[in-house]
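The next block is model.cif, given as mmCIF, N, CA and C atoms.
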data_start
#
loop_
_atom_site.label_atom_id
_atom_site.label_comp_id
_atom_site.auth_asym_id
_atom_site.auth_seq_id
_atom_site.Cartn_x
_atom_site.Cartn_y
_atom_site.Cartn_z
N MET A 11 26.02 1.45 9.46
CA MET A 11 25.28 0.53 8.60
C MET A 11 23.79 0.72 8.84
N ASN A 12 23.04 0.62 7.76
CA ASN A 12 21.58 0.73 7.82
C ASN A 12 20.95 -0.55 7.31
N LEU A 13 19.88 -0.95 7.95
CA LEU A 13 19.13 -2.12 7.53
C LEU A 13 17.90 -1.66 6.76
N LYS A 14 17.67 -2.26 5.62
CA LYS A 14 16.47 -2.00 4.83
C LYS A 14 15.67 -3.30 4.74
N VAL A 15 14.39 -3.21 4.99
CA VAL A 15 13.51 -4.37 4.93
C VAL A 15 12.34 -4.02 4.03
N LYS A 16 12.03 -4.91 3.11
CA LYS A 16 10.91 -4.67 2.21
C LYS A 16 9.91 -5.81 2.37
N LEU A 17 8.65 -5.43 2.45
CA LEU A 17 7.57 -6.41 2.63
C LEU A 17 6.60 -6.30 1.47
N TRP A 18 6.21 -7.42 0.91
CA TRP A 18 5.16 -7.45 -0.09
C TRP A 18 4.41 -8.76 0.02
N ILE A 19 3.22 -8.76 -0.54
CA ILE A 19 2.35 -9.94 -0.50
C ILE A 19 2.12 -10.40 -1.93
N GLU A 20 2.27 -11.70 -2.15
CA GLU A 20 2.06 -12.29 -3.47
C GLU A 20 0.86 -13.22 -3.43
N ASN A 21 0.25 -13.44 -4.58
CA ASN A 21 -0.81 -14.44 -4.67
C ASN A 21 -0.18 -15.81 -4.95
N GLU A 22 -1.01 -16.81 -5.12
CA GLU A 22 -0.49 -18.16 -5.32
C GLU A 22 0.32 -18.30 -6.61
N ASN A 23 0.16 -17.38 -7.56
CA ASN A 23 0.93 -17.39 -8.81
C ASN A 23 2.20 -16.55 -8.71
N ARG A 24 2.50 -16.10 -7.50
CA ARG A 24 3.68 -15.29 -7.21
C ARG A 24 3.62 -13.90 -7.84
N ASN A 25 2.41 -13.41 -8.09
CA ASN A 25 2.23 -12.05 -8.58
C ASN A 25 2.05 -11.11 -7.39
N LEU A 26 2.72 -9.99 -7.45
CA LEU A 26 2.62 -9.00 -6.39
C LEU A 26 1.18 -8.48 -6.31
N ILE A 27 0.59 -8.57 -5.11
CA ILE A 27 -0.76 -8.03 -4.95
C ILE A 27 -0.81 -6.89 -3.94
N PHE A 28 0.21 -6.79 -3.07
CA PHE A 28 0.22 -5.67 -2.14
C PHE A 28 1.64 -5.44 -1.63
N GLY A 29 2.01 -4.18 -1.58
CA GLY A 29 3.32 -3.79 -1.09
C GLY A 29 3.33 -2.29 -0.81
N ASP A 30 4.52 -1.74 -0.74
CA ASP A 30 4.65 -0.32 -0.41
C ASP A 30 3.91 0.59 -1.39
N GLY A 31 3.99 0.28 -2.68
CA GLY A 31 3.34 1.12 -3.68
C GLY A 31 1.83 1.17 -3.53
N LYS A 32 1.21 0.03 -3.41
CA LYS A 32 -0.24 -0.01 -3.24
C LYS A 32 -0.65 0.56 -1.89
N ASN A 33 0.19 0.38 -0.89
CA ASN A 33 -0.04 0.99 0.41
C ASN A 33 -0.12 2.51 0.26
N LEU A 34 0.84 3.10 -0.45
CA LEU A 34 0.84 4.55 -0.66
C LEU A 34 -0.36 5.00 -1.49
N ILE A 35 -0.70 4.23 -2.50
CA ILE A 35 -1.85 4.58 -3.33
C ILE A 35 -3.11 4.66 -2.47
N LEU A 36 -3.33 3.64 -1.64
CA LEU A 36 -4.52 3.66 -0.78
C LEU A 36 -4.48 4.81 0.23
N GLN A 37 -3.31 5.10 0.77
CA GLN A 37 -3.19 6.20 1.72
C GLN A 37 -3.54 7.54 1.06
N TYR A 38 -2.95 7.80 -0.10
CA TYR A 38 -3.22 9.06 -0.78
C TYR A 38 -4.65 9.14 -1.28
N LEU A 39 -5.16 8.04 -1.78
CA LEU A 39 -6.53 8.03 -2.25
C LEU A 39 -7.49 8.29 -1.09
N ASP A 40 -7.16 7.75 0.07
CA ASP A 40 -7.98 7.97 1.25
C ASP A 40 -7.95 9.44 1.67
N SER A 41 -6.79 10.07 1.58
CA SER A 41 -6.70 11.47 2.02
C SER A 41 -7.21 12.46 0.99
N THR A 42 -7.07 12.13 -0.30
CA THR A 42 -7.48 13.09 -1.34
C THR A 42 -8.84 12.79 -1.96
N GLY A 43 -9.21 11.51 -2.00
CA GLY A 43 -10.45 11.12 -2.67
C GLY A 43 -10.36 11.23 -4.18
N SER A 44 -9.14 11.41 -4.70
CA SER A 44 -8.96 11.70 -6.12
C SER A 44 -7.88 10.82 -6.74
N ILE A 45 -8.23 10.22 -7.88
CA ILE A 45 -7.25 9.44 -8.64
C ILE A 45 -6.17 10.37 -9.17
N SER A 46 -6.55 11.52 -9.72
CA SER A 46 -5.56 12.42 -10.31
C SER A 46 -4.62 13.00 -9.27
N GLU A 47 -5.13 13.37 -8.09
CA GLU A 47 -4.26 13.89 -7.03
C GLU A 47 -3.33 12.80 -6.51
N THR A 48 -3.84 11.59 -6.39
CA THR A 48 -3.01 10.47 -5.96
C THR A 48 -1.89 10.25 -6.97
N ALA A 49 -2.23 10.26 -8.24
CA ALA A 49 -1.23 10.07 -9.30
C ALA A 49 -0.17 11.17 -9.24
N LYS A 50 -0.58 12.40 -9.06
CA LYS A 50 0.38 13.51 -8.99
C LYS A 50 1.32 13.35 -7.80
N LYS A 51 0.78 13.02 -6.64
CA LYS A 51 1.60 12.87 -5.44
C LYS A 51 2.63 11.75 -5.58
N LEU A 52 2.29 10.73 -6.36
CA LEU A 52 3.18 9.58 -6.52
C LEU A 52 3.96 9.61 -7.83
N SER A 53 3.81 10.70 -8.59
CA SER A 53 4.47 10.83 -9.90
C SER A 53 4.16 9.63 -10.80
N MET A 54 2.88 9.29 -10.83
CA MET A 54 2.40 8.19 -11.66
C MET A 54 1.32 8.72 -12.59
N SER A 55 1.00 7.94 -13.59
CA SER A 55 -0.14 8.29 -14.43
C SER A 55 -1.42 7.82 -13.74
N GLU A 56 -2.52 8.44 -14.10
CA GLU A 56 -3.81 8.01 -13.55
C GLU A 56 -4.10 6.57 -13.95
N ASP A 57 -3.74 6.21 -15.19
CA ASP A 57 -3.95 4.83 -15.65
C ASP A 57 -3.17 3.83 -14.80
N ASN A 58 -1.97 4.20 -14.39
CA ASN A 58 -1.17 3.31 -13.56
C ASN A 58 -1.79 3.14 -12.18
N VAL A 59 -2.31 4.23 -11.61
CA VAL A 59 -3.00 4.14 -10.32
C VAL A 59 -4.20 3.21 -10.45
N LEU A 60 -4.99 3.40 -11.51
CA LEU A 60 -6.17 2.56 -11.72
C LEU A 60 -5.77 1.09 -11.92
N LYS A 61 -4.65 0.86 -12.60
CA LYS A 61 -4.15 -0.51 -12.80
C LYS A 61 -3.87 -1.17 -11.46
N HIS A 62 -3.21 -0.44 -10.56
CA HIS A 62 -2.92 -0.99 -9.24
C HIS A 62 -4.19 -1.27 -8.45
N LEU A 63 -5.17 -0.40 -8.57
CA LEU A 63 -6.44 -0.62 -7.88
C LEU A 63 -7.15 -1.85 -8.43
N ARG A 64 -7.08 -2.06 -9.75
CA ARG A 64 -7.68 -3.26 -10.36
C ARG A 64 -7.00 -4.53 -9.84
N ILE A 65 -5.68 -4.49 -9.71
CA ILE A 65 -4.95 -5.65 -9.18
C ILE A 65 -5.42 -5.96 -7.77
N LEU A 66 -5.58 -4.91 -6.96
CA LEU A 66 -6.09 -5.11 -5.59
C LEU A 66 -7.45 -5.77 -5.61
N GLU A 67 -8.33 -5.26 -6.43
CA GLU A 67 -9.70 -5.78 -6.46
C GLU A 67 -9.76 -7.17 -7.06
N ASP A 68 -8.91 -7.44 -8.05
CA ASP A 68 -8.91 -8.77 -8.66
C ASP A 68 -8.45 -9.85 -7.69
N ASN A 69 -7.68 -9.46 -6.69
CA ASN A 69 -7.13 -10.42 -5.74
C ASN A 69 -7.82 -10.40 -4.39
N ASN A 70 -8.95 -9.74 -4.30
CA ASN A 70 -9.73 -9.70 -3.07
C ASN A 70 -11.16 -10.09 -3.38
N THR A 71 -11.83 -10.61 -2.40
CA THR A 71 -13.20 -11.05 -2.61
C THR A 71 -14.19 -9.90 -2.52
N SER A 72 -13.75 -8.75 -2.07
CA SER A 72 -14.66 -7.61 -1.95
C SER A 72 -14.04 -6.36 -2.56
N GLU A 73 -14.88 -5.38 -2.81
CA GLU A 73 -14.41 -4.12 -3.36
C GLU A 73 -13.47 -3.43 -2.38
N MET A 74 -12.51 -2.72 -2.93
CA MET A 74 -11.54 -2.00 -2.10
C MET A 74 -11.81 -0.50 -2.12
N VAL A 75 -12.31 -0.02 -3.25
CA VAL A 75 -12.53 1.41 -3.43
C VAL A 75 -13.90 1.61 -4.04
N LEU A 76 -14.61 2.59 -3.52
CA LEU A 76 -15.91 2.95 -4.07
C LEU A 76 -15.81 4.28 -4.80
N LYS A 77 -16.39 4.33 -5.98
CA LYS A 77 -16.42 5.57 -6.77
C LYS A 77 -17.76 6.24 -6.50
N ILE A 78 -17.69 7.50 -6.08
CA ILE A 78 -18.90 8.25 -5.79
C ILE A 78 -18.97 9.40 -6.78
N GLN A 79 -19.95 9.33 -7.65
CA GLN A 79 -20.11 10.36 -8.68
C GLN A 79 -20.60 11.65 -8.05
N GLY A 80 -20.06 12.77 -8.52
CA GLY A 80 -20.49 14.08 -8.03
C GLY A 80 -21.94 14.35 -8.37
N LEU A 81 -22.55 15.26 -7.65
CA LEU A 81 -23.97 15.57 -7.85
C LEU A 81 -24.22 16.34 -9.14
N LYS A 82 -23.29 17.18 -9.54
CA LYS A 82 -23.46 17.96 -10.77
C LYS A 82 -22.92 17.17 -11.95
N LYS A 83 -23.46 17.47 -13.12
CA LYS A 83 -23.08 16.74 -14.32
C LYS A 83 -21.59 16.84 -14.62
N ASP A 84 -21.00 17.99 -14.42
CA ASP A 84 -19.59 18.20 -14.74
C ASP A 84 -18.65 17.94 -13.57
N SER A 85 -19.19 17.58 -12.42
CA SER A 85 -18.32 17.39 -11.26
C SER A 85 -17.59 16.05 -11.33
N LYS A 86 -16.40 16.05 -10.78
CA LYS A 86 -15.58 14.85 -10.79
C LYS A 86 -16.06 13.86 -9.72
N ALA A 87 -15.77 12.61 -9.97
CA ALA A 87 -16.08 11.57 -8.99
C ALA A 87 -15.06 11.63 -7.86
N SER A 88 -15.46 11.17 -6.71
CA SER A 88 -14.51 11.01 -5.61
C SER A 88 -14.47 9.53 -5.24
N TYR A 89 -13.40 9.16 -4.60
CA TYR A 89 -13.17 7.76 -4.27
C TYR A 89 -12.98 7.61 -2.78
N VAL A 90 -13.59 6.58 -2.23
CA VAL A 90 -13.45 6.29 -0.80
C VAL A 90 -13.07 4.83 -0.62
N LEU A 91 -12.28 4.59 0.41
CA LEU A 91 -11.89 3.22 0.72
C LEU A 91 -13.04 2.50 1.42
N THR A 92 -13.19 1.24 1.11
CA THR A 92 -14.17 0.41 1.80
C THR A 92 -13.60 0.01 3.16
N PRO A 93 -14.44 -0.47 4.06
CA PRO A 93 -13.91 -0.98 5.34
C PRO A 93 -12.87 -2.09 5.14
N GLU A 94 -13.05 -2.90 4.11
CA GLU A 94 -12.10 -3.98 3.83
C GLU A 94 -10.74 -3.40 3.43
N ALA A 95 -10.75 -2.35 2.62
CA ALA A 95 -9.50 -1.72 2.21
C ALA A 95 -8.80 -1.09 3.40
N ARG A 96 -9.57 -0.47 4.27
CA ARG A 96 -8.98 0.13 5.48
C ARG A 96 -8.34 -0.95 6.36
N MET A 97 -8.98 -2.10 6.44
CA MET A 97 -8.44 -3.20 7.23
C MET A 97 -7.14 -3.71 6.62
N VAL A 98 -7.11 -3.89 5.30
CA VAL A 98 -5.89 -4.33 4.62
C VAL A 98 -4.77 -3.32 4.84
N LEU A 99 -5.09 -2.06 4.66
CA LEU A 99 -4.11 -0.99 4.84
C LEU A 99 -3.55 -0.97 6.26
N GLN A 100 -4.43 -1.01 7.22
CA GLN A 100 -4.01 -0.98 8.62
C GLN A 100 -3.20 -2.22 8.99
N THR A 101 -3.65 -3.38 8.57
CA THR A 101 -2.96 -4.63 8.87
C THR A 101 -1.56 -4.64 8.26
N TYR A 102 -1.46 -4.21 7.00
CA TYR A 102 -0.16 -4.15 6.33
C TYR A 102 0.78 -3.22 7.07
N GLN A 103 0.30 -2.05 7.45
CA GLN A 103 1.15 -1.07 8.13
C GLN A 103 1.62 -1.59 9.49
N ILE A 104 0.75 -2.23 10.22
CA ILE A 104 1.14 -2.81 11.52
C ILE A 104 2.17 -3.92 11.31
N TYR A 105 1.90 -4.80 10.36
CA TYR A 105 2.79 -5.91 10.07
C TYR A 105 4.16 -5.39 9.62
N GLN A 106 4.15 -4.40 8.73
CA GLN A 106 5.38 -3.81 8.23
C GLN A 106 6.19 -3.19 9.38
N HIS A 107 5.53 -2.47 10.26
CA HIS A 107 6.19 -1.84 11.40
C HIS A 107 6.81 -2.91 12.30
N ASP A 108 6.05 -3.94 12.60
CA ASP A 108 6.54 -5.00 13.49
C ASP A 108 7.74 -5.74 12.88
N ILE A 109 7.69 -6.01 11.59
CA ILE A 109 8.80 -6.71 10.93
C ILE A 109 10.05 -5.84 10.93
N LYS A 110 9.90 -4.55 10.63
CA LYS A 110 11.05 -3.66 10.63
C LYS A 110 11.67 -3.55 12.03
N LYS A 111 10.81 -3.45 13.03
CA LYS A 111 11.28 -3.35 14.41
C LYS A 111 12.05 -4.62 14.81
N PHE A 112 11.49 -5.78 14.50
CA PHE A 112 12.14 -7.05 14.81
C PHE A 112 13.47 -7.18 14.07
N ALA A 113 13.45 -6.87 12.77
CA ALA A 113 14.66 -6.98 11.96
C ALA A 113 15.75 -6.03 12.46
N GLN A 114 15.37 -4.82 12.83
CA GLN A 114 16.35 -3.86 13.34
C GLN A 114 16.97 -4.35 14.64
N LYS A 115 16.15 -4.90 15.51
CA LYS A 115 16.65 -5.43 16.79
C LYS A 115 17.65 -6.56 16.55
N LYS A 116 17.30 -7.49 15.68
CA LYS A 116 18.20 -8.61 15.36
C LYS A 116 19.48 -8.11 14.69
N PHE A 117 19.32 -7.17 13.80
CA PHE A 117 20.47 -6.58 13.11
C PHE A 117 21.45 -5.98 14.12
N GLU A 118 20.92 -5.22 15.06
CA GLU A 118 21.77 -4.59 16.09
C GLU A 118 22.43 -5.62 16.98
N GLU A 119 21.72 -6.70 17.30
CA GLU A 119 22.31 -7.76 18.12
C GLU A 119 23.47 -8.44 17.39
N ILE A 120 23.28 -8.72 16.13
CA ILE A 120 24.28 -9.46 15.35
C ILE A 120 25.47 -8.57 14.98
N PHE A 121 25.21 -7.34 14.61
CA PHE A 121 26.27 -6.47 14.09
C PHE A 121 26.69 -5.35 15.06
N ARG A 122 26.40 -5.51 16.34
CA ARG A 122 26.73 -4.43 17.30
C ARG A 122 28.23 -4.17 17.38
N ASP A 123 29.04 -5.16 17.12
CA ASP A 123 30.49 -4.98 17.20
C ASP A 123 31.11 -4.46 15.90
N PHE A 124 30.30 -4.28 14.87
CA PHE A 124 30.83 -3.85 13.56
C PHE A 124 30.67 -2.35 13.32
N ASN A 125 30.14 -1.63 14.28
CA ASN A 125 29.93 -0.18 14.08
C ASN A 125 31.20 0.54 14.19
#
Go through the file and emit its structure as C-alpha cells.
Amino acid sequence: MNLKVKLWIENENRNLIFGDGKNLILQYLDSTGSISETAKKLSMSEDNVLKHLRILEDNNTSEMVLKIQGLKKDSKASYVLTPEARMVLQTYQIYQHDIKKFAQKKFEEIFRDFN
C-alpha cells in the first residue's frame, strides 16, 4: 500500500492560490528564467503559466516574479523570483515534506499489520 498526500493553500474564498503546480512553475521559472521553457517542461501553454503567476501575485501583497527585459531590442525577457517568492517556495516545500513524513509515519503505525 502507498500513501499519497496532497497539500494546497486556498484563500478566504476557497480558491486555490498555491499547490504542487504553482510550486513547479516557480521552480522551473527559477532555473530557466523563461516562461516558454517553463511551459514546455510542464506541457502547458505560456498563457496558462502566466495565468498561474497572476493568481500568485493577486493573492500576495508583493511581487513574486520580476521581468527583466533583454538589452537588445530583439532579445527575450528573462524572469527572476523575488525574495518573497523564494520564501513562499521554500516554506511550501518544507511544509510539504514535513506533512508527507508525518503522514507516512502515522500510516505505517496504523497499517503495519496489513502489509
Pairwise distance for atom N of A:Asn12 and atom N of A:Asp30, rounded to one decimal in Å: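 Result for atom N of A:Asn12 versus atom N of A:Asp30: 20.5 Å, one decimal.
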Residue IDs satisfying the PyMOL selection byres ((chain A and resi 76) around 6.5), as a ChimeraX atom specification: /A:73-75,77-78,88-92
Interatomic distance, atom N of A:Leu60 to atom CA of A:Ile45 (Å, one decimal):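 Distance between the two atoms: 7.1 Å.
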Who sits within 12 Å of A:Leu17, only C-alpha atoms, same chain under 3 positions skipped, as a PyMOL selection string: chain A and resi 14+20+26-33+102-110+113
Residue set, stretch 39-107 of chain A restricted to alpha helix (DSSP H), as a VMD selection string: chain A and resid 39 to 42 45 to 51 56 to 68 93 to 107
Nearest to A:Glu94, chosen from A:Asn58, A:Ser53, A:Ser72, A:Ser41, with all atoms listed in the file counted in the distances: A:Ser72
Distance of atom C of A:Met11 from atom C of A:Asp123, expressed in Å to one decimal place: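 Atom-to-atom, atom C of A:Asp123 to atom C of A:Met11, that is 11.4 Å.
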Those in chain A with strand (DSSP E or B) from DSSP, as a PyMOL selection string: chain A and resi 19-20+26-28+75-78+88-91
Stretch 101-105 of chain A, all listed atoms, 6 Å padding on each side: what axis-aligned box centre and edge lengths in Å to one decimal come out, as lines of an AutoDock Vina configuration file?
center_x = 0.3
center_y = -3.5
center_z = 8.9
size_x = 19.8
size_y = 16.8
size_z = 17.2
